[in-house]
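> entry25.txt is the file, holding compact mmCIF, C-alpha atoms:
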```
# COMPACT_ATOMS: atom_id res chain seq x y z
CA MET A 1 10.18 10.62 22.67
CA THR A 2 9.28 10.28 26.32
CA ALA A 3 8.32 6.71 27.05
CA PRO A 4 5.58 6.06 29.62
CA ALA A 5 6.25 3.96 32.67
CA ARG A 6 6.01 0.30 31.77
CA THR A 7 5.84 -2.80 33.90
CA ARG A 8 5.78 -5.65 31.38
CA SER A 9 8.82 -6.63 29.36
CA SER A 10 8.86 -7.29 25.62
CA ALA A 11 9.29 -11.01 26.22
CA ASP A 12 6.39 -11.07 28.67
CA LEU A 13 4.09 -9.21 26.29
CA ILE A 14 4.99 -11.48 23.37
CA ARG A 15 4.29 -14.55 25.50
CA ALA A 16 0.97 -13.05 26.63
CA GLU A 17 -0.23 -12.68 23.05
CA ALA A 18 0.13 -16.34 22.11
CA PRO A 19 -2.90 -17.82 23.91
CA VAL A 20 -5.32 -14.96 23.11
CA LEU A 21 -4.44 -13.73 19.59
CA ALA A 22 -5.05 -15.56 16.32
CA HIS A 23 -1.70 -16.53 14.84
CA ASN A 24 -2.24 -14.95 11.44
CA TYR A 25 0.99 -12.91 11.69
CA HIS A 26 4.59 -13.77 12.46
CA PRO A 27 5.98 -10.40 13.59
CA LEU A 28 9.56 -9.66 14.48
CA PRO A 29 10.13 -9.95 18.25
CA VAL A 30 10.02 -6.22 18.96
CA VAL A 31 7.25 -4.60 21.03
CA VAL A 32 6.77 -0.98 19.97
CA ALA A 33 5.42 1.34 22.64
CA SER A 34 5.97 4.84 21.22
CA ALA A 35 7.07 6.46 17.99
CA GLU A 36 7.84 9.77 16.36
CA GLY A 37 8.95 10.56 12.84
CA THR A 38 11.13 7.78 11.50
CA TRP A 39 11.88 6.25 14.91
CA VAL A 40 10.06 3.82 17.17
CA GLU A 41 10.84 2.80 20.75
CA ASP A 42 10.14 -0.50 22.46
CA VAL A 43 8.96 -1.07 26.03
CA GLU A 44 12.54 -1.26 27.29
CA GLY A 45 13.39 2.07 25.66
CA ARG A 46 15.43 0.67 22.76
CA ARG A 47 15.12 2.82 19.61
CA TYR A 48 14.77 1.53 16.05
CA LEU A 49 14.80 3.25 12.66
CA ASP A 50 11.60 2.22 10.88
CA LEU A 51 12.34 1.24 7.27
CA LEU A 52 8.95 -0.41 6.70
CA ALA A 53 6.57 2.47 7.48
CA GLY A 54 3.57 0.20 7.90
CA TYR A 55 3.82 -1.04 4.29
CA SER A 56 3.49 2.63 3.17
CA ALA A 57 0.71 3.46 5.64
CA LEU A 58 3.22 5.72 7.40
CA ASN A 59 4.54 7.61 4.38
CA PHE A 60 4.61 10.80 6.46
CA GLY A 61 6.25 9.15 9.45
CA HIS A 62 4.86 8.38 12.86
CA ARG A 63 2.64 11.04 14.38
CA HIS A 64 3.25 13.74 11.79
CA PRO A 65 2.33 16.96 13.66
CA VAL A 66 0.03 18.30 10.93
CA LEU A 67 -1.91 15.04 10.80
CA ILE A 68 -2.05 14.64 14.56
CA GLU A 69 -3.37 18.18 14.88
CA ALA A 70 -6.07 17.51 12.26
CA ALA A 71 -7.13 14.39 14.15
CA HIS A 72 -7.17 16.14 17.54
CA ARG A 73 -9.19 19.02 16.18
CA GLN A 74 -11.76 16.69 14.66
CA LEU A 75 -11.94 14.50 17.78
CA ASP A 76 -13.21 17.56 19.64
CA GLN A 77 -15.98 18.11 17.08
CA LEU A 78 -17.42 14.99 15.47
CA THR A 79 -16.12 11.49 14.76
CA LEU A 80 -18.96 9.50 13.17
CA THR A 81 -22.35 10.06 11.63
CA SER A 82 -22.57 7.07 9.25
CA ARG A 83 -23.61 7.96 5.72
CA ALA A 84 -27.23 8.18 6.86
CA PHE A 85 -26.49 11.90 7.23
CA HIS A 86 -24.19 14.42 5.58
CA HIS A 87 -21.30 15.88 7.54
CA ASP A 88 -19.21 19.00 7.09
CA ARG A 89 -15.86 17.36 6.23
CA LEU A 90 -16.75 14.95 3.43
CA ALA A 91 -17.12 17.37 0.50
CA GLN A 92 -13.68 18.91 1.08
CA PHE A 93 -12.06 15.50 1.30
CA ALA A 94 -13.66 14.26 -1.91
CA GLU A 95 -13.02 17.49 -3.81
CA SER A 96 -9.36 17.66 -2.85
CA LEU A 97 -8.69 13.95 -3.53
CA ALA A 98 -10.36 14.09 -6.93
CA GLU A 99 -8.31 17.15 -7.85
CA LEU A 100 -5.06 15.59 -6.62
CA THR A 101 -5.57 12.48 -8.75
CA GLY A 102 -7.05 14.13 -11.84
CA LEU A 103 -10.24 12.08 -11.63
CA ASP A 104 -13.86 13.01 -10.96
CA MET A 105 -15.57 11.16 -8.14
CA VAL A 106 -14.64 9.45 -4.86
CA LEU A 107 -16.10 6.40 -3.14
CA PRO A 108 -14.69 6.52 0.42
CA MET A 109 -14.08 3.26 2.27
CA ASN A 110 -11.83 2.16 5.15
CA THR A 111 -9.30 -0.54 4.31
CA GLY A 112 -7.41 -1.31 1.14
CA ALA A 113 -9.20 -4.62 0.69
CA GLU A 114 -12.54 -2.79 0.90
CA ALA A 115 -11.41 -0.46 -1.87
CA VAL A 116 -10.48 -3.44 -4.06
CA GLU A 117 -13.77 -5.22 -3.32
CA SER A 118 -15.65 -2.01 -4.10
CA ALA A 119 -13.83 -1.61 -7.41
CA ILE A 120 -14.69 -5.18 -8.39
CA LYS A 121 -18.38 -4.51 -7.73
CA VAL A 122 -18.33 -1.23 -9.64
CA ALA A 123 -16.49 -2.78 -12.59
CA ARG A 124 -18.98 -5.63 -12.85
CA LYS A 125 -21.99 -3.31 -12.63
CA TRP A 126 -20.43 -1.01 -15.23
CA ALA A 127 -19.89 -4.02 -17.51
CA TYR A 128 -23.55 -5.00 -17.32
CA GLU A 129 -25.11 -1.55 -17.51
CA VAL A 130 -22.71 0.28 -19.83
CA LYS A 131 -20.71 -2.26 -21.82
CA GLY A 132 -23.60 -4.68 -22.22
CA VAL A 133 -21.98 -7.87 -20.92
CA ALA A 134 -24.50 -10.66 -20.36
CA PRO A 135 -25.68 -11.05 -16.74
CA ASP A 136 -23.20 -12.82 -14.44
CA GLN A 137 -20.65 -13.24 -17.25
CA ALA A 138 -18.29 -10.33 -16.49
CA THR A 139 -14.62 -11.17 -16.11
CA ILE A 140 -11.72 -9.23 -14.62
CA VAL A 141 -8.14 -9.82 -15.73
CA VAL A 142 -5.45 -9.71 -13.04
CA ALA A 143 -1.71 -10.37 -12.83
CA ALA A 144 0.06 -13.34 -11.31
CA ASP A 145 1.92 -12.69 -8.03
CA ASN A 146 -0.53 -9.91 -7.24
CA PHE A 147 -1.42 -8.73 -3.76
CA HIS A 148 -4.72 -6.88 -3.43
CA GLY A 149 -5.80 -8.04 0.04
CA ARG A 150 -7.00 -11.16 1.81
CA THR A 151 -10.79 -11.29 1.58
CA THR A 152 -12.30 -14.44 0.09
CA THR A 153 -12.99 -12.81 -3.28
CA ILE A 154 -9.50 -11.31 -3.48
CA VAL A 155 -7.65 -14.52 -2.58
CA SER A 156 -9.71 -16.21 -5.29
CA PHE A 157 -7.42 -14.58 -7.83
CA SER A 158 -4.20 -14.77 -5.82
CA THR A 159 -1.39 -17.08 -6.95
CA ASP A 160 0.06 -17.26 -3.43
CA ASP A 161 -0.66 -20.71 -1.98
CA THR A 162 -0.37 -19.40 1.58
CA ALA A 163 -3.14 -16.89 0.92
CA ARG A 164 -5.39 -19.41 -0.86
CA SER A 165 -4.91 -22.82 0.71
CA GLY A 166 -7.85 -23.86 2.86
CA PHE A 167 -10.09 -20.91 1.98
CA GLY A 168 -12.09 -22.23 -0.99
CA PRO A 169 -14.50 -22.43 -2.70
CA PHE A 170 -13.27 -19.49 -4.67
CA THR A 171 -15.12 -16.71 -6.46
CA PRO A 172 -15.24 -17.15 -10.25
CA GLY A 173 -14.90 -14.41 -12.85
CA PHE A 174 -11.15 -13.75 -12.87
CA ARG A 175 -8.43 -14.48 -15.41
CA ILE A 176 -4.79 -14.49 -14.33
CA VAL A 177 -1.98 -13.56 -16.71
CA PRO A 178 1.76 -13.03 -16.13
CA TYR A 179 2.69 -9.57 -14.88
CA ASN A 180 4.52 -7.30 -17.31
CA ASP A 181 3.32 -9.31 -20.33
CA LEU A 182 1.18 -7.24 -22.70
CA ALA A 183 0.74 -10.06 -25.19
CA ALA A 184 -0.69 -12.38 -22.54
CA LEU A 185 -2.95 -9.59 -21.30
CA GLU A 186 -4.27 -8.89 -24.79
CA ALA A 187 -5.00 -12.58 -25.30
CA ALA A 188 -7.01 -12.73 -22.06
CA VAL A 189 -9.22 -9.72 -22.80
CA ASP A 190 -12.47 -10.33 -24.67
CA GLU A 191 -16.05 -9.06 -24.90
CA THR A 192 -16.76 -10.23 -21.32
CA THR A 193 -13.90 -8.26 -19.79
CA ALA A 194 -15.08 -5.61 -17.36
CA ALA A 195 -11.64 -4.46 -16.23
CA VAL A 196 -7.95 -5.09 -15.95
CA LEU A 197 -6.82 -4.79 -12.32
CA ILE A 198 -3.10 -4.46 -11.65
CA GLU A 199 -0.58 -2.92 -9.29
CA PRO A 200 1.64 -0.43 -11.13
CA ILE A 201 4.43 -1.86 -8.98
CA GLN A 202 3.90 -5.20 -7.25
CA GLY A 203 4.74 -4.60 -3.59
CA GLU A 204 4.23 -7.90 -1.80
CA ALA A 205 5.93 -9.73 -4.66
CA GLY A 206 9.14 -7.88 -3.80
CA VAL A 207 8.73 -4.41 -5.35
CA VAL A 208 8.53 -5.72 -8.89
CA ILE A 209 8.71 -2.86 -11.40
CA PRO A 210 7.37 -3.46 -14.91
CA ASP A 211 9.23 -2.57 -18.08
CA ASP A 212 8.97 0.96 -19.39
CA GLY A 213 5.88 1.19 -21.55
CA TYR A 214 3.94 -1.58 -19.80
CA LEU A 215 1.51 0.71 -17.97
CA ALA A 216 0.98 2.83 -21.08
CA GLY A 217 0.39 -0.39 -22.98
CA VAL A 218 -2.22 -1.52 -20.47
CA ARG A 219 -3.94 1.84 -20.79
CA GLU A 220 -4.04 1.66 -24.58
CA LEU A 221 -5.12 -1.98 -24.62
CA THR A 222 -8.02 -1.39 -22.23
CA ARG A 223 -9.11 1.66 -24.18
CA ARG A 224 -9.20 -0.32 -27.44
CA ALA A 225 -10.99 -3.25 -25.78
CA GLY A 226 -13.60 -1.03 -24.16
CA CYS A 227 -12.87 -2.18 -20.62
CA LEU A 228 -11.71 -0.38 -17.49
CA PHE A 229 -8.14 0.01 -16.25
CA ILE A 230 -8.05 -0.24 -12.44
CA ALA A 231 -4.73 0.75 -10.86
CA ASP A 232 -4.20 -0.51 -7.30
CA GLU A 233 -1.96 2.19 -5.80
CA ILE A 234 -2.68 1.30 -2.17
CA GLN A 235 1.04 0.70 -1.54
CA SER A 236 2.66 2.50 -4.47
CA GLY A 237 0.66 5.71 -4.32
CA LEU A 238 0.76 9.01 -2.46
CA GLY A 239 4.41 9.95 -2.87
CA ARG A 240 6.14 6.61 -2.35
CA THR A 241 7.75 6.35 -5.80
CA GLY A 242 8.72 9.99 -6.22
CA ARG A 243 5.43 10.94 -7.87
CA THR A 244 1.99 11.30 -6.34
CA LEU A 245 1.01 8.10 -8.17
CA ALA A 246 3.19 5.40 -9.68
CA VAL A 247 1.19 5.54 -12.94
CA GLU A 248 2.44 9.10 -13.40
CA HIS A 249 5.87 7.72 -14.33
CA GLU A 250 4.24 6.83 -17.66
CA SER A 251 1.73 9.71 -17.75
CA VAL A 252 -1.12 7.23 -17.43
CA VAL A 253 -4.57 8.04 -16.05
CA PRO A 254 -6.57 4.91 -15.14
CA ASP A 255 -10.36 4.70 -15.13
CA MET A 256 -10.35 3.69 -11.47
CA LEU A 257 -7.66 4.35 -8.90
CA LEU A 258 -7.47 2.50 -5.57
CA LEU A 259 -5.91 4.31 -2.62
CA GLY A 260 -5.45 3.41 1.04
CA LYS A 261 -2.71 3.00 3.64
CA ALA A 262 -0.97 6.43 3.49
CA LEU A 263 -4.33 8.12 2.89
CA GLY A 264 -5.05 7.65 6.60
CA GLY A 265 -1.73 9.17 7.66
CA GLY A 266 -0.97 6.22 9.93
CA ILE A 267 -3.78 7.41 12.21
CA VAL A 268 -7.05 5.93 10.96
CA PRO A 269 -7.91 3.44 8.20
CA VAL A 270 -8.92 5.41 5.11
CA SER A 271 -9.27 4.08 1.58
CA ALA A 272 -10.96 5.25 -1.57
CA VAL A 273 -11.96 4.33 -5.08
CA VAL A 274 -11.37 7.41 -7.24
CA ALA A 275 -12.78 7.18 -10.74
CA ARG A 276 -14.33 8.79 -13.78
CA ARG A 277 -17.78 10.17 -13.14
CA ASP A 278 -19.49 7.82 -15.60
CA VAL A 279 -17.93 4.79 -13.89
CA LEU A 280 -18.92 5.54 -10.30
CA ALA A 281 -22.31 6.78 -11.51
CA VAL A 282 -23.44 3.15 -11.85
CA LEU A 283 -23.83 2.99 -8.05
CA ARG A 284 -27.21 3.95 -6.65
CA PRO A 285 -28.43 4.35 -3.06
CA GLY A 286 -28.48 1.06 -1.19
CA GLU A 287 -26.26 -0.85 -3.62
CA HIS A 288 -23.00 -0.35 -1.73
CA GLY A 289 -21.85 1.33 1.45
CA SER A 290 -19.92 1.36 4.70
CA THR A 291 -20.93 2.62 8.14
CA PHE A 292 -17.46 4.07 8.71
CA GLY A 293 -16.56 4.92 5.12
CA GLY A 294 -15.85 8.64 4.79
CA ASN A 295 -16.47 9.30 8.48
CA PRO A 296 -15.63 12.81 9.78
CA LEU A 297 -12.38 11.77 11.47
CA ALA A 298 -11.22 9.90 8.38
CA ALA A 299 -12.20 12.80 6.12
CA ALA A 300 -10.34 15.31 8.29
CA VAL A 301 -7.15 13.25 8.34
CA GLY A 302 -7.47 12.36 4.66
CA SER A 303 -7.87 16.03 3.74
CA ALA A 304 -4.74 16.85 5.74
CA VAL A 305 -2.83 14.10 3.90
CA VAL A 306 -3.93 15.51 0.53
CA ALA A 307 -2.82 18.99 1.64
CA LEU A 308 0.66 17.65 2.47
CA LEU A 309 0.89 16.05 -0.96
CA GLU A 310 -0.29 19.18 -2.75
CA THR A 311 2.97 20.93 -1.81
CA GLY A 312 5.01 18.35 -3.76
CA GLU A 313 7.56 18.23 -0.93
CA PHE A 314 7.18 14.54 -0.18
CA GLN A 315 7.25 13.49 -3.82
CA ARG A 316 10.49 15.46 -4.28
CA ARG A 317 12.02 13.93 -1.15
CA ALA A 318 11.17 10.42 -2.33
CA ALA A 319 12.69 11.10 -5.74
CA GLU A 320 15.88 12.70 -4.39
CA LEU A 321 16.48 10.24 -1.57
CA GLY A 322 15.51 7.44 -3.91
CA VAL A 323 18.78 8.10 -5.73
CA VAL A 324 20.65 7.66 -2.44
CA LEU A 325 18.78 4.40 -1.80
CA ARG A 326 19.39 3.07 -5.30
CA ASP A 327 23.08 3.98 -5.32
CA GLY A 328 23.57 2.53 -1.85
CA LEU A 329 21.98 -0.77 -2.82
CA ALA A 330 23.96 -0.90 -6.07
CA SER A 331 27.16 -0.72 -4.02
CA LEU A 332 26.05 -3.79 -2.07
CA VAL A 333 25.55 -6.02 -5.10
CA GLY A 334 28.14 -8.75 -4.74
CA LYS A 335 28.44 -8.03 -1.02
CA GLY A 336 25.50 -10.13 0.05
CA VAL A 337 22.97 -8.55 -2.30
CA VAL A 338 22.33 -10.49 -5.51
CA GLY A 339 19.86 -8.03 -6.99
CA PHE A 340 17.37 -5.29 -6.18
CA ARG A 341 14.53 -3.24 -7.62
CA ALA A 342 13.96 0.34 -6.49
CA ARG A 343 11.78 3.30 -7.37
CA GLY A 344 11.68 6.33 -5.13
CA LEU A 345 11.90 5.33 -1.49
CA TRP A 346 10.82 1.76 -2.14
CA ALA A 347 13.00 -1.24 -2.79
CA GLY A 348 12.95 -5.01 -2.88
CA VAL A 349 16.39 -6.40 -2.03
CA ASP A 350 17.32 -9.98 -2.89
CA ILE A 351 19.76 -11.40 -0.35
CA ASP A 352 22.24 -14.15 -1.18
CA PRO A 353 20.56 -17.26 0.30
CA ALA A 354 23.97 -18.44 1.47
CA ILE A 355 24.01 -15.52 3.90
CA GLY A 356 20.52 -16.02 5.26
CA THR A 357 16.79 -15.90 4.63
CA GLY A 358 14.93 -12.63 4.48
CA ARG A 359 13.60 -13.34 7.97
CA GLU A 360 17.08 -13.97 9.36
CA ILE A 361 18.45 -10.77 7.82
CA SER A 362 15.46 -8.85 9.20
CA GLU A 363 16.17 -10.19 12.68
CA ARG A 364 19.85 -9.28 12.43
CA LEU A 365 18.93 -5.76 11.33
CA MET A 366 16.48 -5.52 14.22
CA ARG A 367 19.28 -6.30 16.65
CA GLU A 368 21.21 -3.41 15.05
CA GLY A 369 18.27 -1.01 15.48
CA ILE A 370 16.78 -1.20 11.97
CA LEU A 371 13.28 -2.51 11.22
CA VAL A 372 12.49 -4.06 7.81
CA LYS A 373 10.28 -6.94 6.65
CA ASP A 374 11.00 -10.01 4.60
CA THR A 375 8.96 -11.44 1.76
CA HIS A 376 9.28 -14.55 -0.39
CA GLY A 377 12.35 -16.31 0.95
CA SER A 378 15.47 -14.17 0.80
CA THR A 379 13.95 -10.82 -0.21
CA ILE A 380 13.56 -7.88 2.16
CA ARG A 381 11.50 -4.76 1.52
CA LEU A 382 12.63 -1.24 2.30
CA ALA A 383 9.97 1.48 2.47
CA PRO A 384 11.08 4.16 4.93
CA PRO A 385 8.88 7.12 5.82
CA LEU A 386 9.27 9.88 3.24
CA THR A 387 10.43 12.08 6.12
CA ILE A 388 13.67 10.12 6.54
CA THR A 389 16.83 12.22 6.30
CA GLY A 390 19.73 11.49 4.00
CA GLU A 391 21.92 10.88 7.04
CA GLU A 392 19.48 8.34 8.47
CA LEU A 393 19.18 6.56 5.13
CA ARG A 394 22.94 6.36 4.59
CA SER A 395 23.40 5.09 8.14
CA ALA A 396 20.77 2.39 7.55
CA LEU A 397 22.49 1.31 4.34
CA GLY A 398 25.76 1.12 6.24
CA THR A 399 24.11 -1.07 8.84
CA LEU A 400 22.75 -3.33 6.10
CA GLU A 401 26.25 -3.70 4.68
CA LYS A 402 27.56 -4.56 8.15
CA VAL A 403 24.89 -7.21 8.67
CA LEU A 404 25.51 -8.75 5.26
CA THR A 405 29.27 -8.91 5.59
CA GLN A 406 29.69 -9.95 9.23
CA GLU A 407 29.58 -13.50 10.51
CA ALA A 408 26.06 -14.63 11.42
```
Rewrite the coordinates I just gave you, this time as structure tokens.

Amino acid sequence: MTAPARTRSSADLIRAEAPVLAHNYHPLPVVVASAEGTWVEDVEGRRYLDLLAGYSALNFGHRHPVLIEAAHRQLDQLTLTSRAFHHDRLAQFAESLAELTGLDMVLPMNTGAEAVESAIKVARKWAYEVKGVAPDQATIVVAADNFHGRTTTIVSFSTDDTARSGFGPFTPGFRIVPYNDLAALEAAVDETTAAVLIEPIQGEAGVVIPDDGYLAGVRELTRRAGCLFIADEIQSGLGRTGRTLAVEHESVVPDMLLLGKALGGGIVPVSAVVARRDVLAVLRPGEHGSTFGGNPLAAAVGSAVVALLETGEFQRRAAELGVVLRDGLASLVGKGVVGFRARGLWAGVDIDPAIGTGREISERLMREGILVKDTHGSTIRLAPPLTITGEELRSALGTLEKVLTQEA
């Protein structure tokens, strides 16, 4: 990486943000100015190994050459039409994404939260028009400790007080059950249930992986109950867990699949609801839309992302290096790690609170040139780009061991 000339220091830039930016984030005190692959560089030229990858938005690393080339090529042609007109990139994007996921139709949006909101609307309309639920009585069952976004409807069914407090009144129509509890889920489903909406792996909660058979059980339960299964794979999907989709670990095909983050290749916001034809067919012109949804630039980059996944290379890398990650973390249990959960190149690591909070460990790792993010007290999340090398991953695990075993 060749860093451009810079005149403001990291400290100066961080201070400059405070009076002009809403304080809805508490980032680590690092100011990234350039990046390539698995590495980022701050304004002073210090390099860091990125083990967060934009919460899976950067599954293919920073500035992947294939994706950058697709974006450059499209920038020279056409960037936006709105959906008032057709454009020449949308059909290919939708066709390839439907084929990749084994579903029929695509509703392109921009952010992950938009995909979730769109799925809620579709599920409710499907419940009224197809299932025959009485008007305004449709319910959606969700799991406790979920994270599906931060819009007002979505935080209405969050169990995170930080996400909810001060933002009511909340949207009705949701039932919350414990995650990974099929009996509780079955008890919550009735004739008003439009859908069950869950994350196959709960990311924000600390990479919580359900028991074997849970996802298959959800699929069977929803089929028997005549309601939809919506899988939110915005963080878990597109290669992260060693499969294209996390539901594939149990050979499950949901009725609706929510994708985002990595679908935009770390270049543009791209999300999508991918579903059975009869489900998305409930939408008619004027009932839902987005000016930027499925725009030419997004479609070009999204198509390039799908093409990368079609080779299977990134899924294989995540599976193979996931063994390295899992074994490395297992060796740290009792050395500052009290437990962990890992699948593919994704892990939630519980740090001994006596050593430090997740934030404190993240800051210590930052000073050693490793970037991670904390969640829920003493847990840190690891989600490196799928392009990371075995050498880089082993080095990062060695640095984690050093940070956990040295004096604070």
> Can you pull out the residues contacting Gly312 of chain A? Cut-off 12 Å, using all atoms listed in the file, and skip same-chain residues under 6 positions away; I want them as a list of chain:residue names.
A:Leu100, A:Leu238, A:Gly239, A:Arg240, A:Gly242, A:Arg243, A:Thr244, A:Leu245, A:Val305, A:Val306, A:Ala318, A:Ala319, A:Leu386
> Which segment 166-242 of chain A residues have any atom within 8 Å of an atom of segment 139-157 of chain A, and for each, what is the nearest pair of atoms with distance in Å to one decimal, counting all atoms listed in the file, rows sorted by chain and number, as a tab-separated table?

```
residue	atom	partner	partner_atom	distance
A:Phe167	CA	A:Thr152	CA	7.1
A:Gly168	CA	A:Ser156	CA	7.8
A:Phe170	CA	A:Ser156	CA	4.9
A:Thr171	CA	A:Thr153	CA	5.5
A:Pro172	CA	A:Ser156	CA	7.5
A:Gly173	CA	A:Thr139	CA	4.6
A:Phe174	CA	A:Ile140	CA	4.9
A:Arg175	CA	A:Val141	CA	4.7
A:Ile176	CA	A:Val142	CA	5.0
A:Val177	CA	A:Ala143	CA	5.0
A:Pro178	CA	A:Ala144	CA	5.1
A:Tyr179	CA	A:Ala143	CA	4.9
A:Leu185	CA	A:Val141	CA	7.6
A:Ala188	CA	A:Val141	CA	7.1
A:Val189	CA	A:Val141	CA	7.2
A:Thr192	CA	A:Thr139	CA	5.7
A:Thr193	CA	A:Thr139	CA	4.7
A:Ala194	CA	A:Ile140	CA	5.6
A:Ala195	CA	A:Ile140	CA	5.0
A:Val196	CA	A:Val141	CA	4.7
A:Leu197	CA	A:Val142	CA	5.2
A:Ile198	CA	A:Val142	CA	5.9
A:Glu199	CA	A:Asn146	CA	7.3
A:Gln202	CA	A:Asn146	CA	6.5
A:Gly203	CA	A:Phe147	CA	7.4
A:Glu204	CA	A:Phe147	CA	6.0
A:Ala205	CA	A:Asp145	CA	6.0
A:Asp232	CA	A:His148	CA	7.5
```
> Excluding Ile370 of chain A and residues on its chain fewer than 2 positions from it, collect all residues at most 7 Å away from it, counting all atoms listed in the file, and give them as a PyMOL selection string.
chain A and resi 48-51+365-366+368+372+396
> Suppose you want the space between atom CA of Pro200 of chain A and atom CA of Gly264 of chain A; what is it in Å?
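About the pair atom CA of Pro200 of chain A and atom CA of Gly264 of chain A: they are 20.6 Å apart.
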> Write out as a PyMOL selection string which residues come within 12 Å of Arg73 of chain A when counting all atoms listed in the file, dropping same-chain ones fewer than 4 positions away.
chain A and resi 65-69+77-79+296-297+300-301+304
> Between A:Leu382, A:Leu404, A:Leu259, A:Leu371, which is the closest to Val337 of chain A once you count only C-alpha atoms?
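That would be A:Leu404, the residue with the smallest distance to Val337 of chain A.
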> With all atoms listed in the file as the counted atoms, please give the residues lying no more than 7 Å from segment 41-44 of chain A, apart from itself and same-chain residues fewer than 4 positions off, as a count of residues only.
10
> For a test of reading the model, state the distance in Å between atom CA of Thr101 of chain A and atom CA of Ala281 of chain A, rounded to one decimal.
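Atom-to-atom, atom CA of Thr101 of chain A to atom CA of Ala281 of chain A, that is 17.9 Å.
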> Give me, please, the distance in Å between atom CA of His288 of chain A and atom CA of Arg219 of chain A, quoted to one decimal.
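Computed distance, atom CA of His288 of chain A to atom CA of Arg219 of chain A, equals 27.0 Å.
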> Wanna dump the segment 128-239 of chain A-segment 340-352 of chain A contacts at 8 Å for me, each residue with its shortest atom pair and the distance in Å to one decimal, counting all atoms listed in the file, ordered by chain and number, as a tab-separated table?

```
residue	atom	partner	partner_atom	distance
A:Gly206	CA	A:Gly348	CA	4.9
A:Val207	CA	A:Gly348	CA	4.9
A:Val208	CA	A:Arg341	CA	6.6
A:Ile209	CA	A:Arg341	CA	7.0
```
> Show me the residues close to (5.8, -1.3, 3.0) - anything with an atom within 8 Å, counting all atoms listed in the file - and format the list as a PyMOL selection string.
chain A and resi 52-57+203+235+346+381-384
> Using only C-alpha atoms, pick whichever of A:Gly390, A:Gly293, A:Gly336, A:Pro385 has the shortest atom-to-atom distance to Thr38 of chain A.
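Counting only C-alpha atoms, the residue closest to Thr38 of chain A is A:Pro385.
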> Go through A:Thr357, A:Ser82, A:Ser118, A:Asn59 and flag the residue nearest Val274 of chain A, using all atoms listed in the file for the distances.
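Using all atoms listed in the file, Val274 of chain A sits closest to A:Ser118.
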> Go through segment 244-324 of chain A and flag each residue having an atom no more than 12 Å from segment 329-335 of chain A; for those, report the closest pair of atoms plus their distance in Å to one decimal, using only C-alpha atoms, ordered by chain and rising number, as CSV.

```
residue,atom,partner,partner_atom,distance
A:Gly322,CA,A:Leu329,CA,10.5
A:Val323,CA,A:Leu329,CA,9.9
A:Val324,CA,A:Leu329,CA,8.5
```
> Under the rule that only C-alpha atoms are counted, which of A:Ala183, A:Gly102, A:Leu221, A:Lys121 is the nearest residue to Leu283 of chain A?
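Between A:Ala183, A:Gly102, A:Leu221, A:Lys121, the residue approaching Leu283 of chain A most closely is A:Lys121.
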